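**Student:** One structure follows; several queries about it will come next.
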Amino acid sequence: MAAFGLHEVFTYTGMADEALSRPIRPVLVASRRSPFESNNGLRVTPEGDLRGEFFDVVIVCDIHLNGGETPKGRWRDEIEWVRRHIGHGALVCATCSGSLLLAEAGLLDGAEAASHWTMADLFRDLYPSVKFRPERILCDSGRGGQLITTGGASAWQDLALYLIGRFCGAEEAARIARLFLLGDRGYGQLPFASMARPRQHSDAVISTIQAWLVDNYPTANPVSLMVARSGLSERSFKRRFSAATGYTPVEYVQALRIEEAKQMLETEDVAIEDVAVSVGYEDPTFFRRLFKRRTGVTPAQYRQRNRIRGLPQ
């Protein structure tokens, strides 16, 4: 739970430097002061409520939604509390799915925002004016950088270091990073996101093409073959394919190829050029550019970070 991690990290900030005199005072705030149980079973005892003092920095932590629940129309008291802080000049942040509250408040309209990459569909459908950035770990937006949003569940660590660096200096941020072993995720979230949640649909023609593509994605000119096998006009096929899958045919082929390339990089000791050819790309330079665009890292970086233990280096 991000709240506990942030609280502990901020509590230790400045303790080794008398000049800083512990400049960050974390306070755990909830709608009520009474203890409650979080969705993962941890007991939470708030230190403040929405009627209390104003803070210089507000962090909305990750929010749990049960299956089928919608954020629309929720958290009215909390949203009003956040808006009051915005009016008083506070820096407002959100970790992981906490950005949904800021989106529901309208604070992210027209702004770039990060959240857990699984929230991409929700943002697209419910908050289309938000410039959702699934590849980003941290987004600094709003007037004067007054809004900060972060990506996946562990991105609270990046937010903590960002805030410590902003208010206490880079040296203290580096000390805290060493103390808590907070690592670098500069490659973003995309390595975890691609094709993770295929869309369910009822278009039998497109389903047949998808099944064929599983074994034939390395084929040259696959989109032309897909159109021919579908029996549809090219325009109709592309429209139906996008409606059914959420991808254009080219994007879908690229995603399959990149997923297979990732598997090969993790498990096989073959040259990157050979990986490119194996998944359908004769030009290794194009493959490297595409791989980085879709995952946020180069093939070599991905292999280094995700290689299965026991394989030769």
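Letters A, B, ... go to the chains of the structure tokens in the order shown; residues in each chain start at 1; ligands are counted from 1 in the same order.
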Tell me which protein, DNA and RNA residues are within 9 Å of A:Leu161, counting only C-alpha atoms, leaving out same-chain ones fewer than 4 positions away, and put them as a PyMOL selection string.

**Tutor:** chain A and resi 156-157+165-166+170+172-174+176-177+182

**Student:** Using only N, CA and C atoms, please write the residues we just selected to a file, as an mmCIF file, in the first residue's frame.

**Tutor:**
```cif
data_model
loop_
_atom_site.group_PDB
_atom_site.id
_atom_site.type_symbol
_atom_site.label_atom_id
_atom_site.label_comp_id
_atom_site.auth_asym_id
_atom_site.auth_seq_id
_atom_site.Cartn_x
_atom_site.Cartn_y
_atom_site.Cartn_z
ATOM 1 N N TRP A 156 5.002 4.856 -6.381
ATOM 2 C CA TRP A 156 5.060 5.781 -5.248
ATOM 3 C C TRP A 156 6.516 6.053 -4.861
ATOM 4 N N GLN A 157 7.395 5.087 -5.129
ATOM 5 C CA GLN A 157 8.807 5.278 -4.819
ATOM 6 C C GLN A 157 9.396 6.418 -5.646
ATOM 7 N N GLY A 165 13.569 15.281 -3.672
ATOM 8 C CA GLY A 165 14.500 16.084 -4.455
ATOM 9 C C GLY A 165 14.014 17.503 -4.652
ATOM 10 N N ARG A 166 12.714 17.661 -4.842
ATOM 11 C CA ARG A 166 12.138 18.988 -5.094
ATOM 12 C C ARG A 166 12.195 19.881 -3.860
ATOM 13 N N ALA A 170 18.746 17.168 -4.162
ATOM 14 C CA ALA A 170 19.132 15.909 -4.798
ATOM 15 C C ALA A 170 19.956 15.021 -3.869
ATOM 16 N N GLU A 172 19.750 14.643 -0.597
ATOM 17 C CA GLU A 172 18.890 13.916 0.340
ATOM 18 C C GLU A 172 18.080 12.845 -0.387
ATOM 19 N N ALA A 173 17.635 13.147 -1.609
ATOM 20 C CA ALA A 173 16.911 12.139 -2.386
ATOM 21 C C ALA A 173 17.798 10.930 -2.660
ATOM 22 N N ALA A 174 19.063 11.179 -2.977
ATOM 23 C CA ALA A 174 19.996 10.075 -3.223
ATOM 24 C C ALA A 174 20.231 9.266 -1.950
ATOM 25 N N ILE A 176 18.120 8.851 0.576
ATOM 26 C CA ILE A 176 16.923 8.054 0.840
ATOM 27 C C ILE A 176 16.838 6.878 -0.132
ATOM 28 N N ALA A 177 17.219 7.109 -1.382
ATOM 29 C CA ALA A 177 17.205 6.019 -2.366
ATOM 30 C C ALA A 177 18.138 4.899 -1.937
ATOM 31 N N LEU A 182 15.652 2.090 -3.221
ATOM 32 C CA LEU A 182 14.663 2.462 -4.233
ATOM 33 C C LEU A 182 15.364 2.509 -5.577
#
```

**Student:** List the neighbours of A:Met119 out to 12 Å using only C-alpha atoms; skip same-chain residues closer than 4 positions along the sequence, and give me the result as a JSON list (two decimals) with C-alpha atoms, in the first residue's frame.

**Tutor:**
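Contents of the output file result_13.json:
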```
[["chain", "number", "residue", "atom", "x", "y", "z"],
["A", 62, "ASP", "CA", -4.14, 4.08, -5.06],
["A", 63, "ILE", "CA", -7.87, 3.43, -5.18],
["A", 64, "HIS", "CA", -9.48, 0.00, -5.28],
["A", 65, "LEU", "CA", -12.46, -0.55, -7.58],
["A", 70, "THR", "CA", -17.25, 2.97, -12.01],
["A", 71, "PRO", "CA", -15.47, 6.03, -10.65],
["A", 96, "CYS", "CA", -1.27, 4.60, -9.39],
["A", 97, "SER", "CA", -5.10, 4.51, -9.68],
["A", 98, "GLY", "CA", -5.41, 7.52, -7.38],
["A", 99, "SER", "CA", -5.25, 9.60, -10.56],
["A", 100, "LEU", "CA", -8.86, 8.52, -11.20],
["A", 103, "ALA", "CA", -9.64, 12.90, -13.37],
["A", 113, "ALA", "CA", -1.40, 12.06, -16.69],
["A", 114, "ALA", "CA", 0.06, 8.74, -15.63],
["A", 115, "SER", "CA", -1.68, 5.91, -13.84],
["A", 123, "PHE", "CA", -9.38, 6.83, -19.05],
["A", 124, "ARG", "CA", -10.14, 6.59, -22.76],
["A", 125, "ASP", "CA", -13.81, 5.80, -22.18],
["A", 126, "LEU", "CA", -14.59, 8.02, -19.17],
["A", 127, "TYR", "CA", -12.02, 10.82, -19.33],
["A", 132, "PHE", "CA", -3.19, 9.47, -20.70],
["A", 133, "ARG", "CA", 0.45, 8.39, -20.86],
["A", 134, "PRO", "CA", 0.70, 4.64, -20.13],
["A", 135, "GLU", "CA", 4.43, 4.66, -20.82],
["A", 151, "GLY", "CA", 2.17, 5.00, -12.91],
["A", 152, "GLY", "CA", 2.00, 1.49, -11.43],
["A", 153, "ALA", "CA", 1.57, 0.46, -7.82],
["A", 193, "ALA", "CA", 1.54, -3.45, -20.68],
["A", 197, "ARG", "CA", -5.57, -7.58, -21.75]]
```

**Student:** Smallest atom-to-atom distance to A:Phe4: which of A:His116, A:Ala160, A:Gly106, A:Val270, using only C-alpha atoms?

**Tutor:**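 Among the listed residues, A:Ala160 lies closest to A:Phe4.
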
**Student:** Pick out the residues sitting within 8 Å of A:Lys238, and hand them over as a VMD selection string; count only C-alpha atoms, and ignore anything fewer than 4 positions along from it in its own chain.

**Tutor:** chain A and resid 234 242 248 to 249

**Student:** Taking 3 positions as the minimum chain separation for residues in the same chain, which residues sit within 8 Å of stretch 253-261 of chain A when counting only C-alpha atoms? Answer as number ranges by chain.

**Tutor:** A: 194-195, 213-214, 217-218, 222-223, 249-250, 264-265, 275-276, 279-280, 291, 294

**Student:** When you draw a straight line from atom CA of A:Leu163 to atom CA of A:Leu179, how long is it in Å?

**Tutor:**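 For atom CA of A:Leu163 relative to atom CA of A:Leu179, the distance reads 16.1 Å.
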
**Student:** Excluding A:Ser141 and any residue of its chain fewer than 2 positions from it, enumerate the residues within 9 Å of it, using only C-alpha atoms, and give them as JSON, numbers by chain.

**Tutor:** {"A": [108, 111, 112, 113, 139, 143, 144, 145, 146, 147, 148, 149]}

**Student:** How would the residues just chosen look if you wrote them out with C-alpha atoms as a PDB file, in the first residue's frame?

**Tutor:**
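Saved file again.pdb follows:
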```pdb
ATOM      1  CA  LEU A 108      -6.566  16.540 -15.376  1.00  0.00           C
ATOM      2  CA  ALA A 111      -3.251  17.603 -19.078  1.00  0.00           C
ATOM      3  CA  GLU A 112      -0.878  14.678 -19.377  1.00  0.00           C
ATOM      4  CA  ALA A 113      -1.401  12.057 -16.694  1.00  0.00           C
ATOM      5  CA  CYS A 139       3.874  13.110 -15.142  1.00  0.00           C
ATOM      6  CA  ARG A 143      -0.158  25.164 -13.769  1.00  0.00           C
ATOM      7  CA  GLY A 144       3.371  25.512 -12.453  1.00  0.00           C
ATOM      8  CA  GLY A 145       3.705  21.765 -12.083  1.00  0.00           C
ATOM      9  CA  GLN A 146       0.961  21.730  -9.443  1.00  0.00           C
ATOM     10  CA  LEU A 147      -0.279  18.255 -10.422  1.00  0.00           C
ATOM     11  CA  ILE A 148       1.862  15.113 -10.264  1.00  0.00           C
ATOM     12  CA  THR A 149       0.603  11.669 -11.287  1.00  0.00           C
TER      13      THR A 149
END
```

**Student:** For the atom pair atom CA of A:Phe241 and atom CA of A:Gly110, what is the interatomic distance in Å to one decimal place?

**Tutor:** 29.1 Å

**Student:** Looking at only C-alpha atoms, which of A:Tyr12, A:Trp212, A:Tyr281, A:Trp81 is the one that sits closest to A:Ile59?

**Tutor:**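 Ranked by minimum distance to A:Ile59, first place goes to A:Trp81.
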
**Student:** Tell me, which residues of stretch 111-267 of chain A carry DSSP strand (DSSP E), written as a ChimeraX atom specification?

**Tutor:** /A:112-113,131-132,138-141,147-150

**Student:** Tell me, in Å to one decimal, how far atom CA of A:Ile206 is from atom CA of A:Leu232.

**Tutor:**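 For atom CA of A:Ile206 relative to atom CA of A:Leu232, the distance reads 10.5 Å.
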
**Student:** Pick from A:Leu50, A:Val29, A:Ile79, A:Leu138: nearest to A:Leu102, with only C-alpha atoms counted?

**Tutor:**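 Among the listed residues, the smallest separation from A:Leu102 belongs to A:Ile79.
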
**Student:** I'd like to know which of A:Thr285, A:Gln210, A:Thr95, A:Thr245 is closest to A:Leu159, using only C-alpha atoms.

**Tutor:**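 Smallest separation from A:Leu159 among the options: A:Thr95.
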
**Student:** Which of stretch 39-262 of chain A end up as helix (DSSP H, G or I) when DSSP is run on this backbone - answer as number ranges by chain?

**Tutor:** A: 76-87, 96-104, 117-126, 143-145, 153-168, 170-180, 190-193, 204-216, 222-230, 234-245, 249-262

**Student:** Here is a test: counting only C-alpha atoms, which residue of A:Arg175, A:Arg288, A:His88, A:His7 is nearest to A:Glu47?

**Tutor:**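 The answer is A:His7, which sits nearest to A:Glu47.
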
**Student:** Quick one: everything within 12 Å of A:Ser31, counting only C-alpha atoms, minus sequence neighbours fewer than 2 positions away in the same chain. Send it as number ranges by chain.

**Tutor:** A: 28-29, 33-36, 45-52, 75-82

**Student:** Could you please take those selected residues and save C-alpha atoms as a PDB file, in the first residue's frame?

**Tutor:**
```pdb
ATOM      1  CA  LEU A  28      -2.290  10.074   6.933  1.00  0.00           C
ATOM      2  CA  VAL A  29      -5.684  11.621   6.137  1.00  0.00           C
ATOM      3  CA  ARG A  33     -10.603   9.531  11.687  1.00  0.00           C
ATOM      4  CA  SER A  34     -12.005   6.148  12.705  1.00  0.00           C
ATOM      5  CA  PRO A  35      -9.773   3.141  11.898  1.00  0.00           C
ATOM      6  CA  PHE A  36     -10.694   1.052   8.875  1.00  0.00           C
ATOM      7  CA  THR A  45      -5.581   4.451  11.552  1.00  0.00           C
ATOM      8  CA  PRO A  46      -5.923   7.951  10.056  1.00  0.00           C
ATOM      9  CA  GLU A  47      -4.080  10.850  11.670  1.00  0.00           C
ATOM     10  CA  GLY A  48      -6.403  13.478  10.239  1.00  0.00           C
ATOM     11  CA  ASP A  49      -9.660  13.953   8.349  1.00  0.00           C
ATOM     12  CA  LEU A  50     -11.105  16.218   5.673  1.00  0.00           C
ATOM     13  CA  ARG A  51     -12.057  18.877   8.207  1.00  0.00           C
ATOM     14  CA  GLY A  52      -8.530  19.409   9.465  1.00  0.00           C
ATOM     15  CA  TRP A  75     -15.550  10.675  -3.922  1.00  0.00           C
ATOM     16  CA  ARG A  76     -17.412  14.002  -3.803  1.00  0.00           C
ATOM     17  CA  ASP A  77     -16.185  14.988  -0.341  1.00  0.00           C
ATOM     18  CA  GLU A  78     -12.620  14.000  -1.150  1.00  0.00           C
ATOM     19  CA  ILE A  79     -12.732  15.884  -4.455  1.00  0.00           C
ATOM     20  CA  GLU A  80     -13.951  19.037  -2.742  1.00  0.00           C
ATOM     21  CA  TRP A  81     -11.133  18.688  -0.191  1.00  0.00           C
ATOM     22  CA  VAL A  82      -8.544  18.345  -2.958  1.00  0.00           C
TER      23      VAL A  82
END
```
